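Reviewing the structure listed below.
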Amino acid sequence: MEVLKIATAGSVDDGKSTLIGRLLYDTNSLTTDKLEAIEKTSKQKGYDYLDFSLATDGLVAEREQGITIDVAHIYFSTQKKSYIIADTPGHVEYTRNMVTGASTSQAAIILIDARKGVIAQTNRHFFINNLLRVKEVVVAINKMDLVDFSEERYNEIKSDFEELMRKRDYEDQRITFIPVSALKGDNVVNKSKNTAWYKGDTLLEHLEGLDLVAVSNTGTPRFPVQYVIRPKTDEFHDFRGFAGKVYGGELSVGDAVVALPSQTTSKIKAIYFHDKQYKTASRRSSVTITLEDEINVSRGDMLVKTNDLPTIDKQFTATLSWMDSQKLTAGNKYIVQHGVNKVLAKVATVEHKIAPDYSGIDTETESLGMNDIAQVSFRLNKPIFYDKFKNHRTNGSFILIDTQTNSTVGAGFIS
Amino acid sequence: MEISSIELELSQVTEVALLNDTSQINTLENEAIYIFREVAAQFEKPVLLFSGGKDSITLVRLAQKAFWPAKIPFPLMHIDTGHNFPETIVFRDKLVAELGLELIVRNVQDSIDQGKVKEESGKYASRNSLQTTTLLDAIAEFKFDACIGGARRDEEKARAKERIFSVRDDFGQWDERNQRPELFDMLNGQIELGQNVRVFPISNWTELDVWSYIKEEAMEIPSIYFAHKRKIFLRDGLIWSHSDYVYQEEDEEVLEKMVRFRTVGDMSCTAAEYSEAFDIDAVVQEIRNSTISERGARIDDKRSDAAMEKRKQQGYF
């Protein structure tokens with residue numbers, strides 16, 4: 001079964017949870033006991049409709065405050081695909097959750113309240129999805145029932161959004177507009193009778209039609225070694241397998257490869273998935289590779305094709321999304337986790353803060369606070385093997401770990 | 001020249017038949033294998049928490065695949081409430097013997113005998129929540145730094161917010177407000193001494209994904225997952241097992257019915273369902289058509305809307 005991961009973004013009260021609840025309801029994914037719980041709670045609250053947001057708001061505090069405060073994952077499937085929705089909150093202070101949700105998704109849904117149109121928050125949601133290079137974006141113009149399903153209003157919002165699109169960096173991103181009412185169910189799963197002027201697909205039809213190969217990011221093959229498998233049994237006495245996941249492109253038996261950082265060359269002897277051997281390891285598969293020659297490769301090293309080397313350097317500049325309440329200041333030291341490789345890093349300079357809303361306002365700053373996005377340069381104690389994020393979504397990204405608290409405090413995209 | 005070409009032909013004959021490419025392998029399986037390898041690489045003393053249920057059996061299969069041809073590089077641990085279905089225990093011991101795995105068993109009964117926990121009493125008495133103490137003691141005893149579990153995000157609302165690497169403090173507690181963000185594939189397993197990480201390799205699997213996988217892999221599972229005749233009684237609209245471990249009122253009549261279990265925990269907290277699904281195909285079909293969620297049959301979750309979240313904060317799985 002194909003799996004499509006989707007991030008959602010919307011401001012408070014844009015009806016994001018309701019939209020997800022509606023998707024679940026109209027695909028018959030809500031089970032009787034969940035539905036009963038929703039009916040019961042909706043009644044208790046005195047609503048005359050079903051509050052689908054109750055299907056997704058998981059934590060006690062969220063139910064009390066009626067808001068979503070963390071990334072929740074929702075699952076449903078159709079005959080064609082399995083869907084995983086990362087429900088990320090829309091408040092200004094939770095940029096980090098949006099970045100997190102978008103990082104694992106191939107598609108995103110941005111919600112706009114048809115009454116309010118494109119607002120400052122929308123710019124932010126789009127900016128982040130564009131920064132994270134999410135390939136497929138759906139702009140769901142919601143609450144169409146509250147603007148009498150007006151085509152004029154829909155077009156107005158669409159053209160405002162298109163204005164925003166001119167400012168984006170990542171131009172290959174595909175954007176689709178859909179007029180919906182999550183509360184009433186128009187154009188979510190079923191075609192609406194109220195929007196005869198809209199000829200496009202419903203939200204679900206659109207998602208069903210997405211080609212998973214086309215929406216996943218490509219690049220050149222990179223194989224970060226996670227773990228070395230050495231069984232030391234009689235049968236597999238000399239077996240040294242390099243376990244890892246293939247990113248960007250594919251690797252095949254016979255390919256000439258270089259191991260980094262040692263720069264020793266060899267050829268791929270065999271590719272295993274469990275006990276079966278394959279000619280080619282496709283993108284995103286977790287395989288075990290053996291080499292023709294006995295060369296020294298350990299965790300954190302990387303196998304790449306000989307004619308296709310990444311940048312090997314002890315410094316880089318990146319767009320950084322800061323996610324911690326403690327400030328980041330030039331001179332601070334962190335652990336950079338780049339894939340499965342960890343190195344010590346020092347913040348060389350905080351070049352400038354980027355307004356994540358296409359206002360184009362860059363601010364000079366010394367330090368970064370929670371949810372800031374900035375251009376930052378780093379110096380490392382050992383070289384890493386990276387690509388630019390725009391060329392390689394996996395090998396161009398990293399996380400920062402605080403050496404004191406061990407928390408993940410930032411995510412970076414190498415420029 | 002001729003000799004070398006013969007040699008070449010010979011070597012081709014002895015070669016293993018190569019499959020074309022790995023593109024047909026399921027995304028979720030690739031993801032889980034990746035997580036297992038991260039655990040083995042990032043931690044010193046991982047353990048796989050094994051309950052004998054379908055999710056932990058799936059974990060064992062994925063771990064086998066992740067490290068083949070080497071053995072699974074960590075032991076299994078079962079926190080035994082003493083109230084398990086006997087079929088589960090038989091299955092557990094058989095699996096461990098067949099795969100040559102190391103199994104650690106720690107008993108809730110010992111925690112009770114030591115006066116660390118008190119047996120619940122009354123109609124709804126269960127040892128389910130008592131497991132937490134035994135688990136935390138075992139983690140401390142063996143100094144486990146990573147505990148791999150089969151929890152899935154689709155099971156329950158609080159679990160939907162769980163990370164793949166979820167840090168627990170030295171009291172075993174989950175701080176759900178202060179979780180580490182998880183970006184791309186990167187898993188941050190850095191912890192302080194005394195802390196441990198709960199790892200959930202099948203976080204993103206749904207119940208149907210697990211059953212489909214069991215079918216595809218032709219995996220063996222305990223017999224109680226298939227329809228069988230059992231002595232039961234009815235309470236609160238649920239089907240309870242008639243057993244020495246389960247308190248039963250005098251007016252709760254014992255019936256014999258064809259049932260199966262959809263989820264397997266303690267006998268005192270797992271309800272059965274009527275079923276005629278005698279094989280895996282029938283079970284998959286039944287799950288596909290079901291309009292009741294898996295945990296709808298978990299008596300422990302019915303205690304309150306926030307039951308799972310509260311238990312998790314205290315260190316429950």
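If you're wondering about the labels, chains in the structure tokens are A, B, ... by order shown, residues count from 1 in each chain, ligands from 1 in order shown.
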Contacts of chain B with chain A up to 6 Å, shortest pair per row, only C-alpha atoms, as a tab-separated table:
```
residue	atom	partner	partner_atom	distance
B:Leu18	CA	A:Tyr278	CA	5.0
B:Leu19	CA	A:Tyr278	CA	4.5
B:Asn20	CA	A:Lys279	CA	5.2
B:Asp21	CA	A:Thr280	CA	4.5
B:Thr22	CA	A:Ala281	CA	5.4
B:Ser23	CA	A:Ser282	CA	5.3
B:Asn30	CA	A:Ser286	CA	5.0
B:Lys65	CA	A:His274	CA	4.6
B:Trp68	CA	A:His274	CA	5.7
B:Ala70	CA	A:Pro231	CA	4.1
B:Lys157	CA	A:Gly58	CA	4.6
B:Ala158	CA	A:Gly58	CA	5.5
B:Ala160	CA	A:His73	CA	5.3
B:Lys161	CA	A:Ala72	CA	4.8
B:Arg180	CA	A:Thr408	CA	5.7
B:Leu183	CA	A:Thr100	CA	5.2
B:Phe184	CA	A:Thr104	CA	5.0
B:Met186	CA	A:Gly339	CA	5.8
B:Gln190	CA	A:Asn406	CA	5.5
B:Thr291	CA	A:Thr31	CA	4.6
B:Ile292	CA	A:Thr31	CA	4.8
B:Ser293	CA	A:Thr31	CA	5.6
```
Worksheet entry | For Gln64 (chain B): contacts at 10 Å, only C-alpha atoms, fewer than 6 positions along chain excluded, given as a PyMOL selection string | (chain A and resi 274-275) or (chain B and resi 33+36+58+70-73+99)
Same residues, all heavy atoms, output as a PDB file, in the first residue's frame:
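What ended up in part.pdb:
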```pdb
ATOM      1  N   HIS A 274      16.711  -8.020   4.144  1.00  0.00           N
ATOM      2  CA  HIS A 274      16.582  -9.267   4.888  1.00  0.00           C
ATOM      3  C   HIS A 274      17.484 -10.290   4.206  1.00  0.00           C
ATOM      4  O   HIS A 274      18.633  -9.971   3.894  1.00  0.00           O
ATOM      5  CB  HIS A 274      15.107  -9.681   4.976  1.00  0.00           C
ATOM      6  CG  HIS A 274      14.855 -10.818   5.924  1.00  0.00           C
ATOM      7  ND1 HIS A 274      13.784 -11.660   5.809  1.00  0.00           N
ATOM      8  CD2 HIS A 274      15.560 -11.251   6.995  1.00  0.00           C
ATOM      9  CE1 HIS A 274      13.811 -12.561   6.775  1.00  0.00           C
ATOM     10  NE2 HIS A 274      14.882 -12.333   7.504  1.00  0.00           N
ATOM     11  N   ASP A 275      16.979 -11.513   3.917  1.00  0.00           N
ATOM     12  CA  ASP A 275      17.867 -12.533   3.348  1.00  0.00           C
ATOM     13  C   ASP A 275      17.794 -12.600   1.828  1.00  0.00           C
ATOM     14  O   ASP A 275      18.345 -13.505   1.224  1.00  0.00           O
ATOM     15  CB  ASP A 275      17.551 -13.898   3.979  1.00  0.00           C
ATOM     16  CG  ASP A 275      16.073 -14.269   3.869  1.00  0.00           C
ATOM     17  OD1 ASP A 275      15.296 -13.469   3.294  1.00  0.00           O
ATOM     18  OD2 ASP A 275      15.694 -15.339   4.368  1.00  0.00           O
TER      19      ASP A 275
ATOM     20  N   ILE B  33      12.561  -0.645  10.071  1.00  0.00           N
ATOM     21  CA  ILE B  33      13.912  -1.224  10.058  1.00  0.00           C
ATOM     22  C   ILE B  33      14.946  -0.135  10.338  1.00  0.00           C
ATOM     23  O   ILE B  33      15.883  -0.332  11.113  1.00  0.00           O
ATOM     24  CB  ILE B  33      14.170  -1.949   8.719  1.00  0.00           C
ATOM     25  CG1 ILE B  33      13.317  -3.220   8.673  1.00  0.00           C
ATOM     26  CG2 ILE B  33      15.652  -2.273   8.529  1.00  0.00           C
ATOM     27  CD1 ILE B  33      13.343  -3.945   7.345  1.00  0.00           C
ATOM     28  N   PHE B  36      14.945   0.527  14.083  1.00  0.00           N
ATOM     29  CA  PHE B  36      15.648  -0.528  14.823  1.00  0.00           C
ATOM     30  C   PHE B  36      17.161  -0.357  14.760  1.00  0.00           C
ATOM     31  O   PHE B  36      17.869  -0.533  15.746  1.00  0.00           O
ATOM     32  CB  PHE B  36      15.259  -1.913  14.290  1.00  0.00           C
ATOM     33  CG  PHE B  36      14.106  -2.520  15.026  1.00  0.00           C
ATOM     34  CD1 PHE B  36      12.887  -2.719  14.409  1.00  0.00           C
ATOM     35  CD2 PHE B  36      14.246  -2.885  16.359  1.00  0.00           C
ATOM     36  CE1 PHE B  36      11.821  -3.270  15.098  1.00  0.00           C
ATOM     37  CE2 PHE B  36      13.191  -3.442  17.060  1.00  0.00           C
ATOM     38  CZ  PHE B  36      11.969  -3.628  16.429  1.00  0.00           C
ATOM     39  N   THR B  58       5.215  -8.623  15.684  1.00  0.00           N
ATOM     40  CA  THR B  58       5.623  -7.905  14.479  1.00  0.00           C
ATOM     41  C   THR B  58       6.984  -7.229  14.687  1.00  0.00           C
ATOM     42  O   THR B  58       7.837  -7.249  13.802  1.00  0.00           O
ATOM     43  CB  THR B  58       4.545  -6.863  14.104  1.00  0.00           C
ATOM     44  OG1 THR B  58       3.321  -7.545  13.885  1.00  0.00           O
ATOM     45  CG2 THR B  58       4.923  -6.064  12.876  1.00  0.00           C
ATOM     46  N   ALA B  70      22.963 -11.248  11.146  1.00  0.00           N
ATOM     47  CA  ALA B  70      23.314 -11.303  12.567  1.00  0.00           C
ATOM     48  C   ALA B  70      22.042 -11.514  13.391  1.00  0.00           C
ATOM     49  O   ALA B  70      20.935 -11.298  12.906  1.00  0.00           O
ATOM     50  CB  ALA B  70      24.004 -10.009  12.986  1.00  0.00           C
ATOM     51  N   LYS B  71      22.223 -11.939  14.630  1.00  0.00           N
ATOM     52  CA  LYS B  71      21.095 -12.109  15.531  1.00  0.00           C
ATOM     53  C   LYS B  71      20.599 -10.751  16.006  1.00  0.00           C
ATOM     54  O   LYS B  71      21.328  -9.763  15.961  1.00  0.00           O
ATOM     55  CB  LYS B  71      21.539 -12.901  16.761  1.00  0.00           C
ATOM     56  CG  LYS B  71      21.347 -14.386  16.636  1.00  0.00           C
ATOM     57  CD  LYS B  71      21.502 -14.991  18.023  1.00  0.00           C
ATOM     58  CE  LYS B  71      21.547 -16.495  17.939  1.00  0.00           C
ATOM     59  NZ  LYS B  71      21.888 -17.079  19.239  1.00  0.00           N
ATOM     60  N   ILE B  72      19.399 -10.692  16.523  1.00  0.00           N
ATOM     61  CA  ILE B  72      18.870  -9.453  17.105  1.00  0.00           C
ATOM     62  C   ILE B  72      19.783  -9.070  18.281  1.00  0.00           C
ATOM     63  O   ILE B  72      19.978  -9.869  19.192  1.00  0.00           O
ATOM     64  CB  ILE B  72      17.412  -9.649  17.586  1.00  0.00           C
ATOM     65  CG1 ILE B  72      16.518 -10.017  16.396  1.00  0.00           C
ATOM     66  CG2 ILE B  72      16.900  -8.397  18.290  1.00  0.00           C
ATOM     67  CD1 ILE B  72      15.082 -10.372  16.773  1.00  0.00           C
ATOM     68  N   PRO B  73      20.385  -7.878  18.234  1.00  0.00           N
ATOM     69  CA  PRO B  73      21.430  -7.557  19.212  1.00  0.00           C
ATOM     70  C   PRO B  73      20.925  -7.049  20.571  1.00  0.00           C
ATOM     71  O   PRO B  73      21.614  -6.268  21.221  1.00  0.00           O
ATOM     72  CB  PRO B  73      22.235  -6.471  18.486  1.00  0.00           C
ATOM     73  CG  PRO B  73      21.250  -5.803  17.605  1.00  0.00           C
ATOM     74  CD  PRO B  73      20.227  -6.824  17.228  1.00  0.00           C
ATOM     75  N   LEU B  99      13.880 -18.841  17.739  1.00  0.00           N
ATOM     76  CA  LEU B  99      14.768 -17.806  17.208  1.00  0.00           C
ATOM     77  C   LEU B  99      16.057 -17.680  18.008  1.00  0.00           C
ATOM     78  O   LEU B  99      16.930 -16.876  17.672  1.00  0.00           O
ATOM     79  CB  LEU B  99      14.049 -16.448  17.168  1.00  0.00           C
ATOM     80  CG  LEU B  99      12.782 -16.380  16.316  1.00  0.00           C
ATOM     81  CD1 LEU B  99      12.193 -14.978  16.359  1.00  0.00           C
ATOM     82  CD2 LEU B  99      13.064 -16.789  14.876  1.00  0.00           C
TER      83      LEU B  99
END
```
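You will find CA of Leu207 (chain A) at 28.5 Å from CA of Ser321 (chain A).
Within the 7 Å cut-off around Gly10 (chain A), using only C-alpha atoms and omitting residues fewer than 6 positions from it on the same chain, the listed residues are Lys16, Gly90, Ile110, Leu111 and Ile112 of chain A.
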Env of Pro383 (chain A): 12 Å cut, atoms = only C-alpha atoms, seq-sep filter 6 positions within chain, self excluded. Answer as a PyMOL selection string. chain A and resi 260-262+300-301+310-316+336+338+341-345
Would you write out those residues with N, CA and C atoms, as a short mmCIF file (atom, residue, chain, number, x, y, z; two decimals), in the first residue's frame?
```cif
data_model
loop_
_atom_site.label_atom_id
_atom_site.label_comp_id
_atom_site.auth_asym_id
_atom_site.auth_seq_id
_atom_site.Cartn_x
_atom_site.Cartn_y
_atom_site.Cartn_z
N LEU A 260 33.03 7.88 2.47
CA LEU A 260 33.46 9.15 3.05
C LEU A 260 33.45 9.00 4.57
N PRO A 261 34.39 9.55 5.30
CA PRO A 261 35.39 10.51 4.85
C PRO A 261 36.69 9.89 4.33
N SER A 262 36.86 8.57 4.39
CA SER A 262 38.18 8.01 4.05
C SER A 262 38.53 8.18 2.57
N GLY A 300 28.01 6.66 10.53
CA GLY A 300 28.24 8.08 10.28
C GLY A 300 28.98 8.31 8.97
N ASP A 301 29.63 7.26 8.47
CA ASP A 301 30.28 7.36 7.16
C ASP A 301 29.21 7.33 6.07
N PRO A 310 29.46 14.66 -2.67
CA PRO A 310 28.87 15.84 -2.03
C PRO A 310 29.98 16.82 -1.62
N THR A 311 29.60 17.94 -1.04
CA THR A 311 30.59 18.88 -0.50
C THR A 311 31.13 18.29 0.80
N ILE A 312 32.45 18.31 0.93
CA ILE A 312 33.05 17.81 2.17
C ILE A 312 33.71 19.01 2.84
N ASP A 313 33.13 19.47 3.94
CA ASP A 313 33.62 20.73 4.50
C ASP A 313 33.39 20.80 6.00
N LYS A 314 34.19 21.67 6.64
CA LYS A 314 34.05 21.88 8.09
C LYS A 314 33.27 23.15 8.41
N GLN A 315 32.68 23.75 7.40
CA GLN A 315 31.83 24.91 7.68
C GLN A 315 30.71 25.01 6.65
N PHE A 316 29.62 25.60 7.08
CA PHE A 316 28.52 25.83 6.14
C PHE A 316 27.60 26.91 6.69
N VAL A 336 25.76 18.98 15.93
CA VAL A 336 25.02 18.93 14.68
C VAL A 336 24.78 17.46 14.36
N HIS A 338 23.64 15.36 11.44
CA HIS A 338 23.40 15.43 9.99
C HIS A 338 23.13 14.01 9.55
N ASN A 341 25.03 11.13 11.33
CA ASN A 341 26.38 11.57 11.70
C ASN A 341 26.30 12.71 12.71
N LYS A 342 27.12 12.64 13.75
CA LYS A 342 27.10 13.72 14.73
C LYS A 342 28.47 14.37 14.83
N VAL A 343 28.50 15.71 14.81
CA VAL A 343 29.75 16.44 15.00
C VAL A 343 29.49 17.63 15.93
N LEU A 344 30.56 18.11 16.54
CA LEU A 344 30.43 19.31 17.37
C LEU A 344 30.48 20.54 16.48
N ALA A 345 29.66 21.52 16.81
CA ALA A 345 29.60 22.72 15.97
C ALA A 345 29.59 23.97 16.83
#
```
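Between CA of Thr122 (chain A) and CA of Leu24 (chain A) the interatomic distance comes to 24.5 Å.
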Inset, instruction - Give the strand (DSSP E) residues of region 121-284 of chain A, as DSSP finds them on the backbone, and put them as number ranges by chain. - result: A: 136-142, 174-179, 222-229, 241-245, 251-252, 256-260, 264-273, 276-281
Can you list, as a ChimeraX atom specification, every protein, DNA or RNA residue that comes within 7 Å of Gly265 (chain B) when you count only C-alpha atoms, leaving out same-chain residues fewer than 4 positions away?
/B:84,269-270
Prev. selection, N, CA, C and O atoms, output as a CSV table (one decimal), in the first residue's frame:
```
chain,number,residue,atom,x,y,z
B,84,ASN,N,-2.0,-13.4,32.4
B,84,ASN,CA,-2.0,-13.5,30.9
B,84,ASN,C,-2.8,-14.7,30.5
B,84,ASN,O,-3.1,-15.7,31.2
B,269,CYS,N,-8.4,-7.3,31.5
B,269,CYS,CA,-8.7,-6.0,30.9
B,269,CYS,C,-8.9,-6.1,29.4
B,269,CYS,O,-8.9,-5.1,28.6
B,270,THR,N,-9.0,-7.4,28.8
B,270,THR,CA,-9.2,-7.5,27.4
B,270,THR,C,-10.5,-8.2,27.1
B,270,THR,O,-10.8,-9.3,27.6
```
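Closest approach to Ser159 (chain A) from the set A:Val180, A:Val118, A:Ala355, A:Ala196 is made by A:Val118, with distances taken over only C-alpha atoms.
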